[in-house]
>>> print(open('entry36.cif').read())   # mmCIF, C-alpha atoms
data_entry
#
loop_
_atom_site.label_atom_id
_atom_site.label_comp_id
_atom_site.auth_asym_id
_atom_site.auth_seq_id
_atom_site.Cartn_x
_atom_site.Cartn_y
_atom_site.Cartn_z
CA ASP A 831 8.88 -22.89 20.81
CA ALA A 832 11.06 -20.90 23.18
CA ALA A 833 13.79 -20.83 20.54
CA MET A 834 11.49 -19.11 18.05
CA SER A 835 12.65 -15.62 18.95
CA ASP A 836 16.29 -16.60 18.30
CA LYS A 837 15.48 -17.75 14.77
CA LEU A 838 13.11 -14.98 13.76
CA ALA A 839 14.16 -14.16 10.20
CA PRO A 840 13.21 -10.81 8.61
CA PRO A 841 9.70 -10.75 7.14
CA THR A 842 8.68 -10.58 3.52
CA ILE A 843 6.92 -7.34 2.68
CA LYS A 844 4.40 -6.53 -0.03
CA ASN A 845 2.64 -3.26 -0.64
CA VAL A 846 -0.14 -1.85 -2.77
CA GLY A 847 0.11 1.93 -2.58
CA ASP A 848 0.51 2.84 1.09
CA THR A 849 -0.84 -0.42 2.51
CA PHE A 850 1.94 -2.77 3.63
CA LEU A 851 1.62 -6.49 4.40
CA LEU A 852 4.45 -8.20 6.30
CA LYS A 853 4.73 -11.95 6.88
CA TRP A 854 7.12 -14.00 8.98
CA ALA A 855 7.79 -17.71 8.45
CA GLU A 856 6.31 -18.44 11.88
CA GLY A 857 2.81 -17.54 10.65
CA LEU A 858 2.90 -14.04 12.08
CA GLU A 859 1.48 -11.24 9.93
CA MET A 860 1.24 -7.47 10.25
CA ARG A 861 -0.68 -4.98 8.13
CA ILE A 862 0.30 -1.31 8.31
CA ASP A 863 -1.70 1.44 6.60
CA HIS A 864 -3.12 4.96 7.13
CA ILE A 865 0.45 6.24 7.54
CA THR A 866 0.65 9.95 8.34
CA GLU A 867 3.72 12.12 8.81
CA LYS A 868 3.41 15.17 11.08
CA SER A 869 5.74 17.37 13.09
CA GLU A 870 5.35 15.12 16.13
CA GLY A 871 6.33 12.01 14.19
CA ILE A 872 5.17 9.38 11.73
CA SER A 873 2.39 7.01 12.73
CA GLY A 874 0.43 4.16 11.19
CA GLU A 875 -2.46 1.83 11.93
CA ILE A 876 -1.26 -1.71 12.57
CA LEU A 877 -3.10 -5.02 12.63
CA VAL A 878 -1.22 -8.06 13.96
CA MET A 879 -2.40 -11.59 13.18
CA ARG A 880 -1.16 -15.13 13.63
CA ALA A 881 -2.38 -17.88 11.29
CA GLY A 882 -5.16 -15.54 10.20
CA LEU A 883 -6.38 -14.87 13.76
CA HIS A 884 -6.60 -11.33 15.16
CA ILE A 885 -3.98 -10.58 17.81
CA TYR A 886 -3.85 -6.79 18.23
CA GLN A 887 -4.80 -3.54 16.49
CA ALA A 888 -3.70 0.02 17.27
CA ARG A 889 -2.32 3.26 15.91
CA VAL A 890 1.37 3.63 16.76
CA ASN A 891 4.14 6.21 16.46
CA MET A 892 6.50 4.21 14.26
CA LEU A 893 9.65 6.12 15.26
CA GLY A 894 8.97 6.68 18.95
CA PRO A 895 11.11 4.42 21.20
CA THR A 896 8.51 4.51 23.98
CA ALA A 897 5.67 3.70 21.58
CA LYS A 898 7.59 0.78 20.06
CA LYS A 899 8.47 -0.61 23.48
CA SER A 900 4.87 -0.28 24.64
CA LEU A 901 3.64 -2.09 21.51
CA ALA A 902 6.15 -4.91 22.01
CA ASN A 903 4.97 -5.29 25.64
CA GLU A 904 1.32 -5.38 24.58
CA LEU A 905 2.04 -8.09 22.02
CA ASN A 906 4.17 -10.06 24.48
CA GLU A 907 1.15 -10.32 26.79
CA ARG A 908 -0.67 -12.15 23.99
CA ILE A 909 2.18 -14.29 22.59
CA ASP A 910 5.27 -14.63 24.77
CA THR A 911 7.32 -16.95 22.55
CA VAL A 912 8.47 -14.19 20.19
CA ASP A 913 10.92 -11.35 20.77
CA TRP A 914 8.45 -8.65 19.78
CA ARG A 915 11.07 -5.90 20.11
CA ILE A 916 12.91 -7.39 17.15
CA LEU A 917 9.74 -8.07 15.18
CA VAL A 918 8.36 -4.55 15.66
CA GLU A 919 11.70 -3.02 14.69
CA GLN A 920 11.87 -5.20 11.55
CA ALA A 921 8.32 -4.29 10.55
CA PHE A 922 8.60 -0.55 11.06
CA THR A 923 12.05 -0.27 9.45
CA LYS A 924 11.03 -2.17 6.30
CA THR A 925 7.74 -0.32 6.01
CA LEU A 926 9.20 3.16 6.42
CA ASP A 927 11.98 2.40 3.95
CA LEU A 928 9.40 1.54 1.28
CA PHE A 929 7.01 4.33 2.28
CA ARG A 930 9.66 7.04 1.96
CA LYS A 931 11.36 5.62 -1.10
CA GLY A 932 8.29 5.69 -3.35
CA ASP A 933 8.88 4.98 -7.03
CA GLU A 934 12.46 5.06 -8.23
CA VAL A 935 13.77 7.90 -10.40
CA VAL A 936 15.02 6.75 -13.81
CA GLN A 937 16.15 8.33 -17.06
CA VAL A 938 13.80 7.57 -19.95
CA GLY A 939 14.65 7.33 -23.62
CA HIS A 940 16.86 4.24 -23.68
CA LEU A 941 15.10 1.80 -21.37
CA PRO A 942 15.41 -1.88 -22.27
CA LYS A 943 12.47 -3.44 -24.05
CA ARG A 944 9.71 -4.20 -21.58
CA ASP A 945 9.39 -7.75 -20.28
CA SER A 946 5.82 -7.28 -19.07
CA PRO A 947 2.90 -7.28 -21.53
CA LYS A 948 1.70 -3.98 -22.95
CA TYR A 949 -1.93 -5.04 -22.66
CA ARG A 950 -3.95 -6.81 -19.99
CA ILE A 951 -6.66 -7.26 -22.64
CA LYS A 952 -5.38 -6.71 -26.16
CA PRO A 953 -6.31 -4.38 -27.84
CA LEU A 954 -8.68 -2.85 -25.26
CA VAL A 955 -7.06 -2.53 -21.81
CA LEU A 956 -3.47 -1.34 -21.40
CA GLU A 957 -1.47 -2.97 -18.61
CA LYS A 958 -0.97 -0.82 -15.49
CA GLU A 959 -2.82 2.13 -17.01
CA LEU A 960 -6.15 3.82 -16.34
CA ASN A 961 -8.57 2.77 -19.10
CA ALA A 962 -12.15 3.97 -19.56
CA LEU A 963 -15.35 2.55 -21.01
CA TYR A 964 -17.62 5.50 -21.80
CA ALA A 965 -21.10 5.50 -23.33
CA PHE A 966 -24.73 6.49 -22.73
CA GLY A 967 -26.54 4.95 -19.75
CA GLY A 968 -28.34 1.68 -20.38
CA THR A 969 -26.04 0.56 -23.19
CA GLY A 970 -24.53 -2.46 -21.40
CA LYS A 971 -21.28 -1.04 -20.04
CA SER A 972 -21.50 -2.98 -16.78
CA LEU A 973 -22.17 -6.25 -18.60
CA VAL A 974 -19.22 -5.63 -20.94
CA SER A 975 -16.95 -4.90 -17.98
CA GLN A 976 -18.07 -8.12 -16.26
CA PHE A 977 -17.41 -9.99 -19.50
CA LEU A 978 -13.86 -8.62 -19.49
CA ALA A 979 -13.44 -9.60 -15.83
CA VAL A 980 -14.35 -13.19 -16.73
CA LEU A 981 -11.80 -13.23 -19.56
CA VAL A 982 -8.98 -12.00 -17.32
CA GLN A 983 -9.90 -14.24 -14.37
CA THR A 984 -10.10 -17.40 -16.49
CA GLY A 985 -7.45 -16.52 -19.07
CA ALA A 986 -9.94 -17.10 -21.90
CA ASN A 987 -9.48 -15.32 -25.24
CA ALA A 988 -12.68 -14.30 -27.03
CA VAL A 989 -14.11 -12.04 -29.77
CA GLY A 990 -10.65 -11.28 -31.14
CA MET A 991 -9.19 -10.22 -27.78
CA THR A 992 -6.24 -11.87 -26.06
CA VAL A 993 -5.77 -11.56 -22.32
CA GLN A 994 -3.11 -11.87 -19.64
CA LYS A 995 -4.61 -14.08 -16.93
CA GLY A 996 -4.82 -12.68 -13.41
CA ASN A 997 -7.19 -12.10 -10.54
CA ALA A 998 -9.94 -9.58 -11.32
CA LEU A 999 -11.80 -7.39 -8.81
CA ILE A 1000 -15.16 -5.72 -9.49
CA LEU A 1001 -15.78 -2.63 -7.34
CA ASP A 1002 -19.50 -2.00 -7.66
CA TRP A 1003 -21.35 1.20 -6.72
CA GLU A 1004 -24.30 0.43 -9.00
CA THR A 1005 -25.97 -2.90 -8.23
CA ASN A 1006 -25.55 -5.98 -5.98
CA ARG A 1007 -23.59 -9.20 -5.83
CA GLU A 1008 -26.57 -11.41 -6.71
CA LYS A 1009 -27.12 -9.60 -10.00
CA VAL A 1010 -23.43 -9.62 -10.86
CA ASP A 1011 -23.20 -13.32 -9.94
CA GLU A 1012 -26.06 -14.10 -12.34
CA ASN A 1013 -24.28 -12.16 -15.08
CA ILE A 1014 -20.97 -13.93 -14.46
CA GLN A 1015 -22.64 -17.34 -14.64
CA ALA A 1016 -24.43 -16.41 -17.88
CA ILE A 1017 -21.22 -15.07 -19.43
CA LYS A 1018 -19.27 -18.23 -18.60
CA LYS A 1019 -22.08 -20.39 -19.91
CA GLY A 1020 -22.32 -18.41 -23.15
CA LEU A 1021 -18.57 -18.62 -23.70
CA LYS A 1022 -18.52 -22.31 -22.71
CA ILE A 1023 -15.87 -21.61 -20.06
CA ASP A 1024 -15.47 -24.57 -17.71
CA SER A 1025 -12.81 -22.98 -15.51
CA PRO A 1026 -13.86 -22.69 -11.83
CA ASP A 1027 -12.03 -19.35 -11.58
CA GLU A 1028 -14.36 -16.47 -10.75
CA PRO A 1029 -13.75 -12.71 -10.37
CA PHE A 1030 -13.72 -11.16 -6.92
CA TYR A 1031 -16.51 -8.73 -6.06
CA ARG A 1032 -16.97 -5.91 -3.53
CA ARG A 1033 -20.07 -3.80 -3.06
CA CYS A 1034 -18.98 -0.19 -2.47
CA TYR A 1035 -20.70 2.94 -1.23
CA ARG A 1036 -18.03 5.32 0.01
CA PRO A 1037 -16.09 7.54 -2.44
CA LEU A 1038 -13.15 5.48 -3.67
CA ALA A 1039 -10.51 7.88 -2.34
CA ASN A 1040 -11.99 7.52 1.17
CA ASP A 1041 -11.96 3.72 0.91
CA ILE A 1042 -8.61 3.24 -0.79
CA TYR A 1043 -6.76 1.61 2.14
CA ALA A 1044 -9.30 -1.20 2.38
CA ILE A 1045 -9.10 -1.69 -1.39
CA GLN A 1046 -5.30 -1.68 -1.33
CA SER A 1047 -5.40 -4.37 1.35
CA ILE A 1048 -7.70 -6.53 -0.82
CA MET A 1049 -5.39 -5.96 -3.79
CA ALA A 1050 -2.37 -7.20 -1.86
CA GLU A 1051 -4.10 -10.14 -0.14
CA LYS A 1052 -5.83 -11.43 -3.31
CA ASP A 1053 -3.00 -10.53 -5.72
CA ILE A 1054 -5.41 -8.54 -7.92
CA LYS A 1055 -4.19 -7.64 -11.43
CA PHE A 1056 -7.33 -6.11 -12.97
CA VAL A 1057 -9.82 -3.73 -11.31
CA ILE A 1058 -13.21 -2.61 -12.59
CA VAL A 1059 -14.74 0.56 -11.16
CA ASP A 1060 -18.49 0.66 -11.81
CA SER A 1061 -19.08 3.53 -12.05
CA ALA A 1062 -16.91 6.65 -12.07
CA ASN A 1063 -19.52 9.17 -10.86
CA MET A 1064 -20.34 7.15 -7.76
CA ALA A 1065 -16.72 6.19 -7.06
CA ALA A 1066 -15.60 9.81 -7.33
CA GLY A 1067 -18.46 11.14 -5.19
CA ILE A 1068 -19.41 13.59 -7.92
CA SER A 1069 -21.16 16.75 -6.73
CA GLU A 1070 -21.51 20.28 -8.07
CA SER A 1071 -17.73 20.64 -7.77
CA PHE A 1072 -16.73 18.02 -10.35
CA HIS A 1073 -12.98 18.25 -10.61
CA THR A 1074 -11.88 17.81 -6.97
CA PRO A 1075 -13.49 14.40 -6.32
CA ALA A 1076 -12.63 13.20 -9.83
CA LEU A 1077 -8.97 13.99 -9.32
CA SER A 1078 -9.05 12.32 -5.89
CA MET A 1079 -10.42 9.17 -7.51
CA VAL A 1080 -7.76 9.12 -10.22
CA GLY A 1081 -4.98 9.63 -7.68
CA ALA A 1082 -6.32 6.81 -5.51
CA LEU A 1083 -6.59 4.49 -8.51
CA ARG A 1084 -3.04 5.19 -9.59
CA SER A 1085 -1.79 3.95 -6.20
CA LEU A 1086 -3.09 0.46 -7.09
CA ASN A 1087 -0.45 0.07 -9.83
CA CYS A 1088 -2.47 -2.34 -11.95
CA SER A 1089 -4.78 -2.47 -14.96
CA VAL A 1090 -7.95 -0.47 -14.26
CA LEU A 1091 -11.11 -0.21 -16.36
CA ILE A 1092 -13.33 2.75 -15.36
CA VAL A 1093 -16.95 2.48 -16.45
CA ASP A 1094 -18.82 5.75 -17.06
CA HIS A 1095 -21.70 7.06 -19.16
CA LYS A 1096 -22.58 10.16 -21.13
CA PRO A 1097 -25.29 12.34 -19.55
CA LYS A 1098 -28.84 11.71 -20.58
CA LYS A 1099 -30.76 14.42 -22.39
CA GLY A 1100 -31.38 17.33 -20.05
CA GLU A 1101 -28.64 16.36 -17.57
CA THR A 1102 -25.76 18.76 -16.97
CA MET A 1103 -23.18 16.20 -15.80
#
>>> encode(input="entry36.cif", output="structure tokens")
Amino acid sequence: DAAMSDKLAPPTIKNVGDTFLLKWAEGLEMRIDHITEKSEGISGEILVMRAGLHIYQARVNMLGPTAKKSLANELNERIDTVDWRILVEQAFTKTLDLFRKGDEVVQVGHLPKRDSPKYRIKPLVLEKELNALYAFGGTGKSLVSQFLAVLVQTGANAVGMTVQKGNALILDWETNREKVDENIQAIKKGLKIDSPDEPFYRRCYRPLANDIYAIQSIMAEKDIKFVIVDSANMAAGISESFHTPALSMVGALRSLNCSVLIVDHKPKKGETM
């Protein structure tokens, strides 16, 4: 094990928005998120794990030599068979490169024909776009969205729709997991779907923009391809000032870079929103 530090290859890195997951072949993992850039430097929250077990968590100046050395020393006290100076440098360099690069700049008008599908659910949900399901309250929007989650998760085609299979995540501000679980079971039974695949579920209560780092982490860890937001008012934290929270929600959703179905409803008679 003493030779591990000499063979420490660079990590793989995966990101959803501004949440970065790094993995080394030795079972070491690091998650970096909540990155902020200020005049005194650029810092991020880090979580270090080995084989899924918590090792260390802190907020660190990612460009400060003293901070990086201190972090490496802290980690060395926990696992002394790794050259943490190299590992920390690898992690921070790769993360900052991706963080600062953002999306590439391209010229549009003569791009090659897309390889990826245009739809996640044809003809209803466009791939990697924000899609909306909008109707009066009590008309079954949540049930329809759960039906679509089952189709994507299991890869089943139904009622004239064809899907691209992938992991689905239901973000729920409206009800609870027991109710959604009952619905999912009923939908699979009605469609005669035998696949054991089931959508992922998360009960939510904070405005989506305030919770986006946790959601990005789930997206990366579970390889989520389809997200349902039920519902828009709650996720946006709608108040008397409508536009600010709504725009915050849309911006947060765009960072996920996947198919999104937003469920919303028209106001009932007498309501102003």
>>> closest_residue(input="entry36.cif", among="A:Ala881, A:Phe850, A:Gly968, A:Asn987", to="Lys924 in chain A", atoms="all atoms listed in the file")
A:Phe850
>>> resolve_selection(input="entry36.cif", expression="the PyMOL selection byres ((chain A and resi 996-1003) around 6)", output="list in words")
Ala979, Val982, Gln983, Lys995, Glu1004, Pro1029, Phe1030, Tyr1031, Arg1032, Arg1033, Cys1034, Tyr1035, Ile1054, Lys1055, Phe1056, Val1057, Ile1058, Val1059 and Asp1060 of chain A
>>> residues_around(input="entry36.cif", residues="range 1088-1098 of chain A", least_positions_apart="4", cutoff="8 Å", atoms="all atoms listed in the file", output="NGL selection string")
:A and (950 or 955-967 or 971-972 or 975 or 1054-1063 or 1083-1084 or 1102-1103)
>>> closest_residue(input="entry36.cif", among="A:Lys931, A:Lys1018, A:Arg861, A:Lys952", to="Gln976 in chain A", atoms="only C-alpha atoms")
A:Lys1018
>>> resolve_selection(input="entry36.cif", expression="the PyMOL selection byres ((chain A and resi 1026) around 12)", output="JSON list (two decimals) with C-alpha atoms, in the coordinates of the input")
[["chain", "number", "residue", "atom", "x", "y", "z"],
["A", 980, "VAL", "CA", -14.35, -13.19, -16.73],
["A", 983, "GLN", "CA", -9.90, -14.24, -14.37],
["A", 984, "THR", "CA", -10.10, -17.40, -16.49],
["A", 985, "GLY", "CA", -7.45, -16.52, -19.07],
["A", 1014, "ILE", "CA", -20.97, -13.93, -14.46],
["A", 1015, "GLN", "CA", -22.64, -17.34, -14.64],
["A", 1018, "LYS", "CA", -19.27, -18.23, -18.60],
["A", 1019, "LYS", "CA", -22.08, -20.39, -19.91],
["A", 1022, "LYS", "CA", -18.52, -22.31, -22.71],
["A", 1023, "ILE", "CA", -15.87, -21.61, -20.06],
["A", 1024, "ASP", "CA", -15.47, -24.57, -17.71],
["A", 1025, "SER", "CA", -12.81, -22.98, -15.51],
["A", 1027, "ASP", "CA", -12.03, -19.35, -11.58],
["A", 1028, "GLU", "CA", -14.36, -16.47, -10.75],
["A", 1029, "PRO", "CA", -13.75, -12.71, -10.37]]
>>> resolve_selection(input="entry36.cif", expression="the PyMOL selection byres ((chain A and resi 898) around 12)", output="NGL selection string")
:A and (873-874 or 876 or 888-897 or 899-905 or 914-923)
>>> write_last_selection(input="entry36.cif", atoms="C-alpha atoms", output="PDB file, in the coordinates of the input")
ATOM      1  CA  SER A 873       2.390   7.010  12.730  1.00  0.00           C
ATOM      2  CA  GLY A 874       0.430   4.160  11.190  1.00  0.00           C
ATOM      3  CA  ILE A 876      -1.260  -1.710  12.570  1.00  0.00           C
ATOM      4  CA  ALA A 888      -3.700   0.020  17.270  1.00  0.00           C
ATOM      5  CA  ARG A 889      -2.320   3.260  15.910  1.00  0.00           C
ATOM      6  CA  VAL A 890       1.370   3.630  16.760  1.00  0.00           C
ATOM      7  CA  ASN A 891       4.140   6.210  16.460  1.00  0.00           C
ATOM      8  CA  MET A 892       6.500   4.210  14.260  1.00  0.00           C
ATOM      9  CA  LEU A 893       9.650   6.120  15.260  1.00  0.00           C
ATOM     10  CA  GLY A 894       8.970   6.680  18.950  1.00  0.00           C
ATOM     11  CA  PRO A 895      11.110   4.420  21.200  1.00  0.00           C
ATOM     12  CA  THR A 896       8.510   4.510  23.980  1.00  0.00           C
ATOM     13  CA  ALA A 897       5.670   3.700  21.580  1.00  0.00           C
ATOM     14  CA  LYS A 899       8.470  -0.610  23.480  1.00  0.00           C
ATOM     15  CA  SER A 900       4.870  -0.280  24.640  1.00  0.00           C
ATOM     16  CA  LEU A 901       3.640  -2.090  21.510  1.00  0.00           C
ATOM     17  CA  ALA A 902       6.150  -4.910  22.010  1.00  0.00           C
ATOM     18  CA  ASN A 903       4.970  -5.290  25.640  1.00  0.00           C
ATOM     19  CA  GLU A 904       1.320  -5.380  24.580  1.00  0.00           C
ATOM     20  CA  LEU A 905       2.040  -8.090  22.020  1.00  0.00           C
ATOM     21  CA  TRP A 914       8.450  -8.650  19.780  1.00  0.00           C
ATOM     22  CA  ARG A 915      11.070  -5.900  20.110  1.00  0.00           C
ATOM     23  CA  ILE A 916      12.910  -7.390  17.150  1.00  0.00           C
ATOM     24  CA  LEU A 917       9.740  -8.070  15.180  1.00  0.00           C
ATOM     25  CA  VAL A 918       8.360  -4.550  15.660  1.00  0.00           C
ATOM     26  CA  GLU A 919      11.700  -3.020  14.690  1.00  0.00           C
ATOM     27  CA  GLN A 920      11.870  -5.200  11.550  1.00  0.00           C
ATOM     28  CA  ALA A 921       8.320  -4.290  10.550  1.00  0.00           C
ATOM     29  CA  PHE A 922       8.600  -0.550  11.060  1.00  0.00           C
ATOM     30  CA  THR A 923      12.050  -0.270   9.450  1.00  0.00           C
TER      31      THR A 923
END
>>> closest_residue(input="entry36.cif", among="A:Arg930, A:Lys943, A:His884, A:Lys853", to="Glu867 in chain A", atoms="only C-alpha atoms")
A:Arg930
>>> residues_around(input="entry36.cif", residues="Thr842 in chain A", least_positions_apart="4", cutoff="9 Å", atoms="all atoms listed in the file", output="list in words")
Leu851, Leu852, Lys853, Trp854 and Ala855 of chain A
>>> atom_distance(input="entry36.cif", atom1="CA of Pro947 in chain A", atom2="CA of Gly847 in chain A")
21.3 Å
